[in-house]
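The block underneath contains the structure these notes are about, expressed in structure tokens.
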Amino acid sequence: MSDLGAGFGYLIKGQRWAFGHSRWFGFGLLPALITLVVYAGALVGLGYGADDFVGWATPFADDWSSPWLGLLRNTLVVLVFVFGAFLAVITFTAMTLLVGQPFYESLSEEVDRSEGGEVPESGLPLWRELWISARDSVRILLRVALYGVVLFALGFIPVIGQTVIPVLGFCVSGYFLSEELTAVALQRRGMVLKDRLVLLRGRRMMVLGFGVPLVLSFLVPFVAVLLMPGAVAGATLLARDLTATPGTGPAPAPASPYTLRKG
């Protein structure tokens with residue numbers, strides 16, 4: 001339970017850091033705002049186009065009598081929009097981090113610098129960092145989708161499906177959200193996705209303490225935008241803890257394709 005509280009503590013510390021550094025807070029808002037505008041436009045377009053899409057996808061129902069035709073297509077329109085909104089929620093962080101890779105990497109470096117010790121840098125060109133981030137985000141989203149299908153199926157179990165399964169869903173989402181956010185700092189420390197997942201599994205309760213409250217707050221889009229800079233800052237602080245050797249501060253990065261140099 002102490003790890004659970006410590007993880008939540010890093011979330012709070014990150015928000016305090018961001019709000020206490022107004023220039024970096026504003027700097028970190030830009031990618032989230034850009035992503036929000038794009039997603040909002042996509043959802044508005046989906047709202048207008050869902051009727052036509054459902055009509056095109058269900059030609060077999062054209063001759064159905066009322067009320068069955070309306071019932072079928074109205075239900076499918078709602079499901080299409082709900083599915084689109086669900087995709088927007090689970091991909092928002094990944095897309096924001098991809099759009100804001102240079103922004104959040106600089107913010108993460110500044111957090112490291114303010115905390116003292118070595119400030120690792122990837123030493124990679126921007127296009128390479130973007131490629132790695134996009135590739136890893138796809139891998140994480142595929143894992144989330146797999147868990148989502150399993151949890152969706154388990155949701156039909158009476159009682160358990162309406163109580164335990166939603167809690168597990170938030171835990172899974174929080175765990176992988178933490179992975180995406182800590183990746184900004186851990187990639188600079190030379191850790192590939194496989195190593196990052198092993199590291200996070202070793203402190204699972206701390207990771208959940210950080211990620212689950214963030215997932216709950218990210219359900220509100222504008223809150224997600226406001227908390228994003230602090231989430232990256234808190235994830236950097238969490239990454240420093242996860243990679244630290246007791247009594248020595250942050251541990252040196254493991255051998256990897258990345259090249260580290262002091263900032």
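Simple scheme: letters A, B, ... for chains in structure tokens order, numbers from 1 for residues in each chain, numbers from 1 for ligands in the order shown.
If you count only C-alpha atoms and ignore residues fewer than 4 places along the chain from Met206 in chain A, what sits within 8 Å of it is Asp3, Leu4, Gly5, Ala6, Gly7, Phe8 and Phe210 of chain A.
By only C-alpha atoms, and with residues fewer than 4 positions from range 148-158 of chain A along its chain excluded, the set lying at most 10 Å from it is Leu142, Arg143, Val144, Gln162, Thr163, Val164, Ile165, Pro166, Leu168, Gly169, Val172 and Ser173 of chain A.
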Once you have the residues from the selection above, write them out as a PDB file, in the first residue's frame, restricted to C-alpha atoms.
ATOM      1  CA  LEU A 142      -2.493  -3.397 -29.347  1.00  0.00           C
ATOM      2  CA  ARG A 143      -1.930  -4.723 -25.833  1.00  0.00           C
ATOM      3  CA  VAL A 144      -4.654  -2.431 -24.486  1.00  0.00           C
ATOM      4  CA  GLN A 162     -20.561  -5.084 -13.306  1.00  0.00           C
ATOM      5  CA  THR A 163     -18.219  -4.699 -10.305  1.00  0.00           C
ATOM      6  CA  VAL A 164     -14.785  -6.328 -10.560  1.00  0.00           C
ATOM      7  CA  ILE A 165     -14.293  -6.062 -14.334  1.00  0.00           C
ATOM      8  CA  PRO A 166     -14.665  -2.236 -14.557  1.00  0.00           C
ATOM      9  CA  LEU A 168      -9.702  -4.180 -13.630  1.00  0.00           C
ATOM     10  CA  GLY A 169     -10.304  -2.117 -16.763  1.00  0.00           C
ATOM     11  CA  VAL A 172      -5.118  -1.950 -17.049  1.00  0.00           C
ATOM     12  CA  SER A 173      -5.638   1.502 -18.563  1.00  0.00           C
TER      13      SER A 173
END
Task: Among listed residues A:Ala224, A:Ala183, A:Val167, A:Ala85, nearest Leu197 in chain A (using only C-alpha atoms) - done: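 When distances to Leu197 in chain A are compared using only C-alpha atoms, the smallest one comes from A:Ala183.
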TODO: Measuring atom to atom with only C-alpha atoms, identify which of A:Thr236, A:Ser217, A:Ser106, A:Thr243 is nearest to Trp24 in chain A.
DONE: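 The answer is A:Ser106, which sits nearest to Trp24 in chain A.
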If you count only C-alpha atoms, which residues fall within 12 Å of Leu216 in chain A, apart from same-chain ones fewer than 3 positions away, as a PDB file with N, CA and C atoms, in the first residue's frame?
ATOM      1  N   VAL A  89     -10.456   8.421 -26.378  1.00  0.00           N
ATOM      2  CA  VAL A  89      -9.957   8.446 -24.996  1.00  0.00           C
ATOM      3  C   VAL A  89      -8.685   7.626 -24.858  1.00  0.00           C
ATOM      4  N   ILE A  90      -8.673   6.398 -25.416  1.00  0.00           N
ATOM      5  CA  ILE A  90      -7.530   5.513 -25.195  1.00  0.00           C
ATOM      6  C   ILE A  90      -6.319   5.888 -26.051  1.00  0.00           C
ATOM      7  N   PRO A 166     -14.977  -3.651 -14.322  1.00  0.00           N
ATOM      8  CA  PRO A 166     -14.665  -2.236 -14.557  1.00  0.00           C
ATOM      9  C   PRO A 166     -13.437  -1.758 -13.788  1.00  0.00           C
ATOM     10  N   VAL A 167     -13.275  -2.249 -12.550  1.00  0.00           N
ATOM     11  CA  VAL A 167     -12.087  -1.879 -11.764  1.00  0.00           C
ATOM     12  C   VAL A 167     -10.833  -2.387 -12.443  1.00  0.00           C
ATOM     13  N   GLY A 169     -10.479  -2.925 -15.556  1.00  0.00           N
ATOM     14  CA  GLY A 169     -10.304  -2.117 -16.763  1.00  0.00           C
ATOM     15  C   GLY A 169      -9.565  -0.829 -16.482  1.00  0.00           C
ATOM     16  N   PHE A 170      -9.915  -0.155 -15.399  1.00  0.00           N
ATOM     17  CA  PHE A 170      -9.221   1.081 -15.031  1.00  0.00           C
ATOM     18  C   PHE A 170      -7.765   0.797 -14.635  1.00  0.00           C
ATOM     19  N   CYS A 171      -7.539  -0.341 -13.985  1.00  0.00           N
ATOM     20  CA  CYS A 171      -6.163  -0.698 -13.602  1.00  0.00           C
ATOM     21  C   CYS A 171      -5.299  -0.960 -14.837  1.00  0.00           C
ATOM     22  N   SER A 173      -5.832   0.219 -17.880  1.00  0.00           N
ATOM     23  CA  SER A 173      -5.638   1.502 -18.563  1.00  0.00           C
ATOM     24  C   SER A 173      -4.602   2.354 -17.835  1.00  0.00           C
ATOM     25  N   GLY A 174      -4.670   2.378 -16.493  1.00  0.00           N
ATOM     26  CA  GLY A 174      -3.720   3.166 -15.714  1.00  0.00           C
ATOM     27  C   GLY A 174      -2.307   2.664 -15.850  1.00  0.00           C
ATOM     28  N   LEU A 177      -1.111   3.610 -19.368  1.00  0.00           N
ATOM     29  CA  LEU A 177      -0.945   5.060 -19.447  1.00  0.00           C
ATOM     30  C   LEU A 177       0.358   5.472 -18.774  1.00  0.00           C
ATOM     31  N   LEU A 208       0.409   1.741 -10.606  1.00  0.00           N
ATOM     32  CA  LEU A 208      -1.049   1.882 -10.564  1.00  0.00           C
ATOM     33  C   LEU A 208      -1.460   3.105  -9.756  1.00  0.00           C
ATOM     34  N   GLY A 209      -0.744   3.373  -8.676  1.00  0.00           N
ATOM     35  CA  GLY A 209      -1.041   4.558  -7.877  1.00  0.00           C
ATOM     36  C   GLY A 209      -0.876   5.842  -8.660  1.00  0.00           C
ATOM     37  N   PHE A 210       0.027   5.829  -9.621  1.00  0.00           N
ATOM     38  CA  PHE A 210       0.236   6.984 -10.492  1.00  0.00           C
ATOM     39  C   PHE A 210      -0.786   7.014 -11.628  1.00  0.00           C
ATOM     40  N   GLY A 211      -1.005   5.860 -12.279  1.00  0.00           N
ATOM     41  CA  GLY A 211      -1.774   5.843 -13.514  1.00  0.00           C
ATOM     42  C   GLY A 211      -3.279   5.822 -13.370  1.00  0.00           C
ATOM     43  N   VAL A 212      -3.798   5.089 -12.383  1.00  0.00           N
ATOM     44  CA  VAL A 212      -5.257   4.942 -12.285  1.00  0.00           C
ATOM     45  C   VAL A 212      -5.959   6.276 -11.998  1.00  0.00           C
ATOM     46  N   PRO A 213      -5.492   7.085 -11.016  1.00  0.00           N
ATOM     47  CA  PRO A 213      -6.151   8.389 -10.826  1.00  0.00           C
ATOM     48  C   PRO A 213      -6.060   9.274 -12.070  1.00  0.00           C
ATOM     49  N   LEU A 219     -10.704  11.135 -18.313  1.00  0.00           N
ATOM     50  CA  LEU A 219     -12.011  10.910 -18.924  1.00  0.00           C
ATOM     51  C   LEU A 219     -12.681  12.225 -19.285  1.00  0.00           C
ATOM     52  N   VAL A 220     -12.238  13.309 -18.652  1.00  0.00           N
ATOM     53  CA  VAL A 220     -12.738  14.650 -18.977  1.00  0.00           C
ATOM     54  C   VAL A 220     -11.701  15.310 -19.890  1.00  0.00           C
ATOM     55  N   PRO A 221     -12.012  15.521 -21.183  1.00  0.00           N
ATOM     56  CA  PRO A 221     -11.007  15.980 -22.148  1.00  0.00           C
ATOM     57  C   PRO A 221     -10.245  17.231 -21.731  1.00  0.00           C
ATOM     58  N   VAL A 223      -9.748  18.455 -18.793  1.00  0.00           N
ATOM     59  CA  VAL A 223      -8.893  18.144 -17.648  1.00  0.00           C
ATOM     60  C   VAL A 223      -7.622  17.447 -18.128  1.00  0.00           C
ATOM     61  N   ALA A 224      -7.772  16.566 -19.112  1.00  0.00           N
ATOM     62  CA  ALA A 224      -6.607  15.870 -19.662  1.00  0.00           C
ATOM     63  C   ALA A 224      -5.595  16.868 -20.218  1.00  0.00           C
ATOM     64  N   LEU A 227      -3.810  18.681 -17.280  1.00  0.00           N
ATOM     65  CA  LEU A 227      -2.942  17.834 -16.452  1.00  0.00           C
ATOM     66  C   LEU A 227      -1.765  17.245 -17.211  1.00  0.00           C
TER      67      LEU A 227
END
Open item on the list: Can you pull out the residues contacting Leu36 in chain A? Cut-off 10 Å, using only C-alpha atoms, and skip same-chain residues under 6 positions away; I want them as a list in words.
Closed with: Leu30, Ala42, Ala88, Phe92, Met95, Thr96, Pro221, Phe222, Ala224 and Val225 of chain A
Given the selection you just returned, output its residues as a file containing N, CA and C atoms, formatted as a CSV table (one decimal), in the first residue's frame.
chain,number,residue,atom,x,y,z
A,30,LEU,N,0.7,23.0,-25.3
A,30,LEU,CA,0.5,23.2,-26.7
A,30,LEU,C,0.1,21.8,-27.4
A,42,ALA,N,-12.6,15.5,-35.4
A,42,ALA,CA,-12.9,14.2,-35.9
A,42,ALA,C,-14.2,13.6,-35.3
A,88,ALA,N,-11.0,7.6,-29.0
A,88,ALA,CA,-10.4,8.9,-28.7
A,88,ALA,C,-9.7,9.0,-27.4
A,92,PHE,N,-5.7,9.3,-26.9
A,92,PHE,CA,-5.4,10.7,-26.7
A,92,PHE,C,-4.0,10.9,-26.2
A,95,MET,N,-1.2,9.9,-28.9
A,95,MET,CA,-1.1,10.9,-29.9
A,95,MET,C,-0.6,12.2,-29.4
A,96,THR,N,-0.9,12.6,-28.2
A,96,THR,CA,-0.4,13.9,-27.7
A,96,THR,C,1.1,13.8,-27.5
A,221,PRO,N,-12.0,15.5,-21.2
A,221,PRO,CA,-11.0,16.0,-22.1
A,221,PRO,C,-10.2,17.2,-21.7
A,222,PHE,N,-10.9,18.3,-21.3
A,222,PHE,CA,-10.2,19.5,-20.9
A,222,PHE,C,-9.3,19.3,-19.7
A,224,ALA,N,-7.8,16.6,-19.1
A,224,ALA,CA,-6.6,15.9,-19.7
A,224,ALA,C,-5.6,16.9,-20.2
A,225,VAL,N,-6.1,17.9,-20.9
A,225,VAL,CA,-5.2,18.9,-21.4
A,225,VAL,C,-4.4,19.6,-20.3
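Nearest residue to Ala57 in chain A, choosing from A:Val38, A:Val80, A:Leu146, A:Leu242 and counting only C-alpha atoms: A:Val80.
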TODO: Rounded to one decimal place, report the CA of Ala231 in chain A-CA of Leu87 in chain A distance in Å.
DONE: 20.4 Å
TODO: Using only C-alpha atoms, find the one residue out of A:Gly202, A:Gly190, A:Gly117, A:Gly84 that sits nearest to Gly47 in chain A.
DONE: A:Gly84
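What separates CA of Leu33 in chain A from CA of Ile132 in chain A is a distance of 22.8 Å.
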Can you list, as an mmCIF file with N, CA and C atoms, in the first residue's frame, every protein, DNA or RNA residue that comes within 12 Å of Gly26 in chain A when you count only C-alpha atoms, leaving out same-chain residues fewer than 4 positions away?
data_model
loop_
_atom_site.group_PDB
_atom_site.id
_atom_site.type_symbol
_atom_site.label_atom_id
_atom_site.label_comp_id
_atom_site.auth_asym_id
_atom_site.auth_seq_id
_atom_site.Cartn_x
_atom_site.Cartn_y
_atom_site.Cartn_z
ATOM 1 N N ALA A 18 4.711 21.377 -12.491
ATOM 2 C CA ALA A 18 4.250 22.043 -13.709
ATOM 3 C C ALA A 18 3.624 23.401 -13.395
ATOM 4 N N PHE A 19 2.751 23.451 -12.406
ATOM 5 C CA PHE A 19 2.105 24.717 -12.062
ATOM 6 C C PHE A 19 3.089 25.697 -11.429
ATOM 7 N N GLY A 20 4.178 25.169 -10.858
ATOM 8 C CA GLY A 20 5.196 26.034 -10.282
ATOM 9 C C GLY A 20 6.195 26.550 -11.297
ATOM 10 N N HIS A 21 6.152 26.019 -12.516
ATOM 11 C CA HIS A 21 7.030 26.465 -13.608
ATOM 12 C C HIS A 21 6.124 26.869 -14.767
ATOM 13 N N SER A 22 5.576 28.060 -14.673
ATOM 14 C CA SER A 22 4.516 28.486 -15.593
ATOM 15 C C SER A 22 4.943 28.443 -17.060
ATOM 16 N N LEU A 30 0.663 23.021 -25.259
ATOM 17 C CA LEU A 30 0.473 23.167 -26.710
ATOM 18 C C LEU A 30 0.148 21.849 -27.424
ATOM 19 N N PRO A 31 0.947 20.778 -27.219
ATOM 20 C CA PRO A 31 0.617 19.525 -27.935
ATOM 21 C C PRO A 31 -0.748 18.979 -27.562
ATOM 22 N N ALA A 32 -1.120 19.063 -26.279
ATOM 23 C CA ALA A 32 -2.419 18.545 -25.845
ATOM 24 C C ALA A 32 -3.555 19.354 -26.466
ATOM 25 N N LEU A 33 -3.384 20.665 -26.572
ATOM 26 C CA LEU A 33 -4.409 21.509 -27.191
ATOM 27 C C LEU A 33 -4.568 21.184 -28.675
ATOM 28 N N PHE A 103 8.517 18.720 -27.338
ATOM 29 C CA PHE A 103 8.078 19.517 -26.198
ATOM 30 C C PHE A 103 8.273 18.749 -24.897
ATOM 31 N N TYR A 104 7.751 17.524 -24.872
ATOM 32 C CA TYR A 104 7.759 16.767 -23.624
ATOM 33 C C TYR A 104 9.145 16.225 -23.284
ATOM 34 N N LEU A 107 10.687 19.154 -21.626
ATOM 35 C CA LEU A 107 10.109 19.326 -20.295
ATOM 36 C C LEU A 107 10.670 18.282 -19.333
ATOM 37 N N VAL A 225 -6.075 17.900 -20.890
ATOM 38 C CA VAL A 225 -5.174 18.917 -21.447
ATOM 39 C C VAL A 225 -4.429 19.637 -20.331
ATOM 40 N N LEU A 226 -5.152 20.045 -19.300
ATOM 41 C CA LEU A 226 -4.543 20.813 -18.206
ATOM 42 C C LEU A 226 -3.540 19.977 -17.406
ATOM 43 N N LEU A 227 -3.810 18.681 -17.280
ATOM 44 C CA LEU A 227 -2.942 17.834 -16.452
ATOM 45 C C LEU A 227 -1.765 17.245 -17.211
ATOM 46 N N MET A 228 -1.763 17.374 -18.530
ATOM 47 C CA MET A 228 -0.745 16.694 -19.328
ATOM 48 C C MET A 228 0.681 17.136 -18.990
ATOM 49 N N PRO A 229 0.980 18.434 -18.888
ATOM 50 C CA PRO A 229 2.353 18.822 -18.528
ATOM 51 C C PRO A 229 2.785 18.245 -17.183
ATOM 52 N N GLY A 230 1.905 18.308 -16.193
ATOM 53 C CA GLY A 230 2.217 17.760 -14.881
ATOM 54 C C GLY A 230 2.325 16.249 -14.897
#
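Comparing A:Phe27, A:Phe176, A:Trp17, A:Trp68 by their smallest distance to Pro102 in chain A, the closest is A:Phe27 (using only C-alpha atoms).
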- [ ] Calculate how many Å separate CA of Ser108 in chain A from CA of Val184 in chain A, rounding to one decimal.
- [x]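 Straight-line distance from CA of Ser108 in chain A to CA of Val184 in chain A works out to 7.1 Å.
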